[in-house]
Amino acid sequence: REGTRSRHRGVPHRGPHRHHLHRHAGRGGCSAWAEGAGRGEAHAARAAGRCIVFLAEESELDEVELETMERMDKSLGKLGDNLKSLRTGRASSALLDGVQVDYYGALTPLKSLASITVPDGGTIQVQPFDKGSLPEIEKAVRDADLGLSPQNDGSIVRINVPQLTAERRKEMVKRLSKMAEEGKVAVRNIRRDAKKALDKCEKDGLSEDLCKDKSEDIQKLTDEYVKKIDGLAKAKEKEIMQV
């Protein structure tokens with residue numbers, strides 16, 4: 001009994017814990033700790049792997065959105081260039097941006113074949129680099145459906161830009177509306193292609209939620225570009241109708 005009491009007095013509470021610790025160590029406690037650490041590392045590795053997969057999925061979906069934005073930008077730029085060809089009440093070299101000349105059998109932009117100047121608000125002058133192209137330039141301008149009557153004096157082509165009549169202005173606005181609608185259709189077709197790409201990503205195993213979120217982003221992008229087209233059309237209509 002005395003021996004028992006002295007043992008308990010020597011290590012009243014800590015002894016049993018040390019004994020418990022040594023017992024577990026003797027039964028492979030160190031290896032158990034190692035296994036615990038290994039499980040932690042494995043969990044971290046799995047988490048890191050999931051993170052890498054998540055980032056890879058986001059990167060692939062971001063590529064779809066970036067390509068969609070670039071295509072919509074090009075479509076908007078093309079519409080802007082086309083709108084320049086619509087006549088307003090003032091002379092502008094931009095009216096001839098879309099004119100293509102049959103130059104030795106090859107359709108060539110007029111601005112590549114001549115210097116185009118606007119000496120006053122009602123006149124455009126075209127000075128060809130090759131005087132032999134004057135007849136073709138005159139014909140190209142006449143056939144461009146711009147409502148212009150070019151005059152070839154043997155050295156330059158002079159184009160008088162008359163004021164638009166009320167009826168002609170209405171015709172220009174109708175053409176403008178058609179061009180704007182075609183621009184919107186082009187943007188929506190790009191959205192459709194993006195949706196197909198996202199569907200394929202989801203089919204290939206990418207996160208359904210991520211694909212859905214990206215689809216919503218692309219719809220917002222589409223709405224933004226449709227608004228930009230409306231803005232361009234509205235500004236051009238105002239320019240056409242200004243007397």
# chains A, B, ... in the order shown; residues from 1 in each chain; ligands from 1
>>> residues_around(residues="Ser149 (chain A)", least_positions_apart="4", cutoff="10 Å", atoms="only C-alpha atoms", output="tab-separated table (two decimals) with N, CA, C and O atoms, in the first residue's frame")
chain	number	residue	atom	x	y	z
A	138	GLU	N	-14.74	56.53	-112.02
A	138	GLU	CA	-16.01	57.21	-112.25
A	138	GLU	C	-17.17	56.20	-112.26
A	138	GLU	O	-18.21	56.41	-111.62
A	139	LYS	N	-16.98	55.09	-112.95
A	139	LYS	CA	-18.02	54.07	-113.04
A	139	LYS	C	-18.31	53.46	-111.66
A	139	LYS	O	-19.47	53.23	-111.29
A	141	VAL	N	-17.95	54.77	-108.67
A	141	VAL	CA	-18.68	55.69	-107.81
A	141	VAL	C	-20.14	55.78	-108.25
A	141	VAL	O	-21.06	55.78	-107.42
A	142	ARG	N	-20.35	55.81	-109.56
A	142	ARG	CA	-21.71	55.92	-110.09
A	142	ARG	C	-22.55	54.68	-109.75
A	142	ARG	O	-23.74	54.78	-109.46
A	143	ASP	N	-21.89	53.52	-109.76
A	143	ASP	CA	-22.61	52.26	-109.54
A	143	ASP	C	-22.69	51.85	-108.07
A	143	ASP	O	-23.21	50.79	-107.75
A	158	ARG	N	-14.61	64.70	-109.98
A	158	ARG	CA	-15.24	65.63	-109.03
A	158	ARG	C	-16.66	65.15	-108.74
A	158	ARG	O	-17.40	64.80	-109.66
A	159	ILE	N	-16.99	65.14	-107.46
A	159	ILE	CA	-18.31	64.64	-107.06
A	159	ILE	C	-19.02	65.72	-106.26
A	159	ILE	O	-18.56	66.13	-105.19
A	160	ASN	N	-20.13	66.21	-106.81
A	160	ASN	CA	-20.94	67.17	-106.09
A	160	ASN	C	-21.91	66.39	-105.19
A	160	ASN	O	-22.56	65.43	-105.62
A	161	VAL	N	-21.96	66.79	-103.94
A	161	VAL	CA	-22.83	66.12	-102.96
A	161	VAL	C	-24.01	67.04	-102.67
A	161	VAL	O	-23.90	67.96	-101.85
A	162	PRO	N	-25.13	66.80	-103.32
A	162	PRO	CA	-26.29	67.67	-103.10
A	162	PRO	C	-26.95	67.41	-101.76
A	162	PRO	O	-26.77	66.34	-101.16
>>> residues_around(residues="region 164-167 of chain A", least_positions_apart="4", cutoff="10 Å", atoms="only C-alpha atoms", output="ChimeraX atom specification")
/A:87-90,147,171-173,240-243
>>> write_last_selection(atoms="C-alpha atoms", output="compact mmCIF listing (two decimals), in the first residue's frame")
# COMPACT_ATOMS: atom_id res chain seq x y z
CA ARG A 87 -25.04 59.80 -97.15
CA THR A 88 -25.72 62.77 -94.96
CA GLY A 89 -26.18 66.39 -95.96
CA ARG A 90 -22.45 67.11 -96.07
CA GLY A 147 -26.95 58.68 -105.14
CA GLU A 171 -34.63 56.06 -97.68
CA MET A 172 -31.28 56.47 -95.93
CA VAL A 173 -32.92 55.89 -92.54
CA ILE A 240 -28.92 61.98 -91.72
CA MET A 241 -32.02 63.90 -90.65
CA GLN A 242 -30.11 67.07 -89.82
CA VAL A 243 -30.89 69.71 -92.44
>>> residues_around(residues="region 195-208 of chain A", least_positions_apart="4", cutoff="9 Å", atoms="only C-alpha atoms", output="ChimeraX atom specification")
/A:54,57,60-61,64,190-191,212-215,218
>>> write_last_selection(atoms="N, CA and C atoms", output="tab-separated table (two decimals), in the first residue's frame")
chain	number	residue	atom	x	y	z
A	54	PHE	N	-10.33	23.40	-61.11
A	54	PHE	CA	-11.25	24.54	-61.12
A	54	PHE	C	-10.68	25.69	-61.95
A	57	GLU	N	-10.71	24.88	-65.62
A	57	GLU	CA	-12.05	25.02	-66.18
A	57	GLU	C	-12.39	26.49	-66.40
A	60	GLU	N	-10.55	27.86	-69.43
A	60	GLU	CA	-11.14	27.42	-70.70
A	60	GLU	C	-12.41	28.21	-71.01
A	61	LEU	N	-13.22	28.45	-69.99
A	61	LEU	CA	-14.46	29.20	-70.18
A	61	LEU	C	-14.17	30.67	-70.46
A	64	VAL	N	-13.49	31.19	-74.08
A	64	VAL	CA	-14.72	31.26	-74.86
A	64	VAL	C	-15.27	32.69	-74.82
A	190	ILE	N	-23.07	35.19	-83.02
A	190	ILE	CA	-21.83	34.96	-82.25
A	190	ILE	C	-22.18	34.40	-80.87
A	191	ARG	N	-23.23	34.94	-80.27
A	191	ARG	CA	-23.70	34.42	-78.97
A	191	ARG	C	-24.10	32.95	-79.11
A	212	LYS	N	-22.95	27.55	-66.68
A	212	LYS	CA	-24.17	28.35	-66.59
A	212	LYS	C	-23.83	29.81	-66.29
A	213	ASP	N	-22.91	30.02	-65.35
A	213	ASP	CA	-22.49	31.39	-65.02
A	213	ASP	C	-21.88	32.09	-66.23
A	214	LYS	N	-21.05	31.36	-66.97
A	214	LYS	CA	-20.41	31.95	-68.14
A	214	LYS	C	-21.43	32.26	-69.23
A	215	SER	N	-22.44	31.41	-69.35
A	215	SER	CA	-23.51	31.65	-70.32
A	215	SER	C	-24.24	32.94	-69.99
A	218	ILE	N	-22.09	35.88	-71.03
A	218	ILE	CA	-22.11	36.10	-72.48
A	218	ILE	C	-23.42	36.74	-72.92
>>> select_by_dssp(residues="region 76-185 of chain A", states="strand (DSSP E)", output="PDB file with C-alpha atoms, in the first residue's frame")
ATOM      1  CA  GLN A 100     -14.477  49.075-105.009  1.00  0.00           C
ATOM      2  CA  VAL A 101     -12.886  49.753-108.404  1.00  0.00           C
ATOM      3  CA  ASP A 102     -12.321  47.168-111.123  1.00  0.00           C
ATOM      4  CA  TYR A 103      -8.608  47.858-111.538  1.00  0.00           C
ATOM      5  CA  ALA A 106      -9.148  43.039-109.597  1.00  0.00           C
ATOM      6  CA  LEU A 107     -11.630  44.751-107.252  1.00  0.00           C
ATOM      7  CA  THR A 108      -9.577  47.319-105.340  1.00  0.00           C
ATOM      8  CA  PRO A 109     -10.642  49.842-102.674  1.00  0.00           C
ATOM      9  CA  ALA A 114      -6.455  57.727-105.355  1.00  0.00           C
ATOM     10  CA  SER A 115      -6.141  60.694-103.047  1.00  0.00           C
ATOM     11  CA  ILE A 116      -9.580  61.758-101.792  1.00  0.00           C
ATOM     12  CA  THR A 117     -10.120  65.312-100.545  1.00  0.00           C
ATOM     13  CA  VAL A 118     -13.090  67.458 -99.496  1.00  0.00           C
ATOM     14  CA  PRO A 119     -12.461  71.076-100.591  1.00  0.00           C
ATOM     15  CA  ASP A 120     -15.838  72.246 -99.306  1.00  0.00           C
ATOM     16  CA  THR A 123     -17.710  68.574-103.028  1.00  0.00           C
ATOM     17  CA  ILE A 124     -15.443  65.511-103.018  1.00  0.00           C
ATOM     18  CA  GLN A 125     -12.411  65.331-105.298  1.00  0.00           C
ATOM     19  CA  VAL A 126     -10.716  62.079-106.307  1.00  0.00           C
ATOM     20  CA  GLN A 127      -7.175  62.363-107.676  1.00  0.00           C
ATOM     21  CA  PRO A 128      -6.072  58.952-109.033  1.00  0.00           C
ATOM     22  CA  SER A 149     -23.086  61.760-109.970  1.00  0.00           C
ATOM     23  CA  PRO A 150     -19.280  61.855-110.478  1.00  0.00           C
ATOM     24  CA  GLN A 151     -17.753  64.036-113.207  1.00  0.00           C
ATOM     25  CA  ASN A 152     -14.484  63.064-114.923  1.00  0.00           C
ATOM     26  CA  VAL A 157     -13.131  62.919-110.625  1.00  0.00           C
ATOM     27  CA  ARG A 158     -15.237  65.629-109.028  1.00  0.00           C
ATOM     28  CA  ILE A 159     -18.311  64.637-107.058  1.00  0.00           C
ATOM     29  CA  ASN A 160     -20.945  67.165-106.085  1.00  0.00           C
TER      30      ASN A 160
END
>>> atom_distance(atom1="CA of Asn189 (chain A)", atom2="CA of Glu237 (chain A)")
25.1 Å
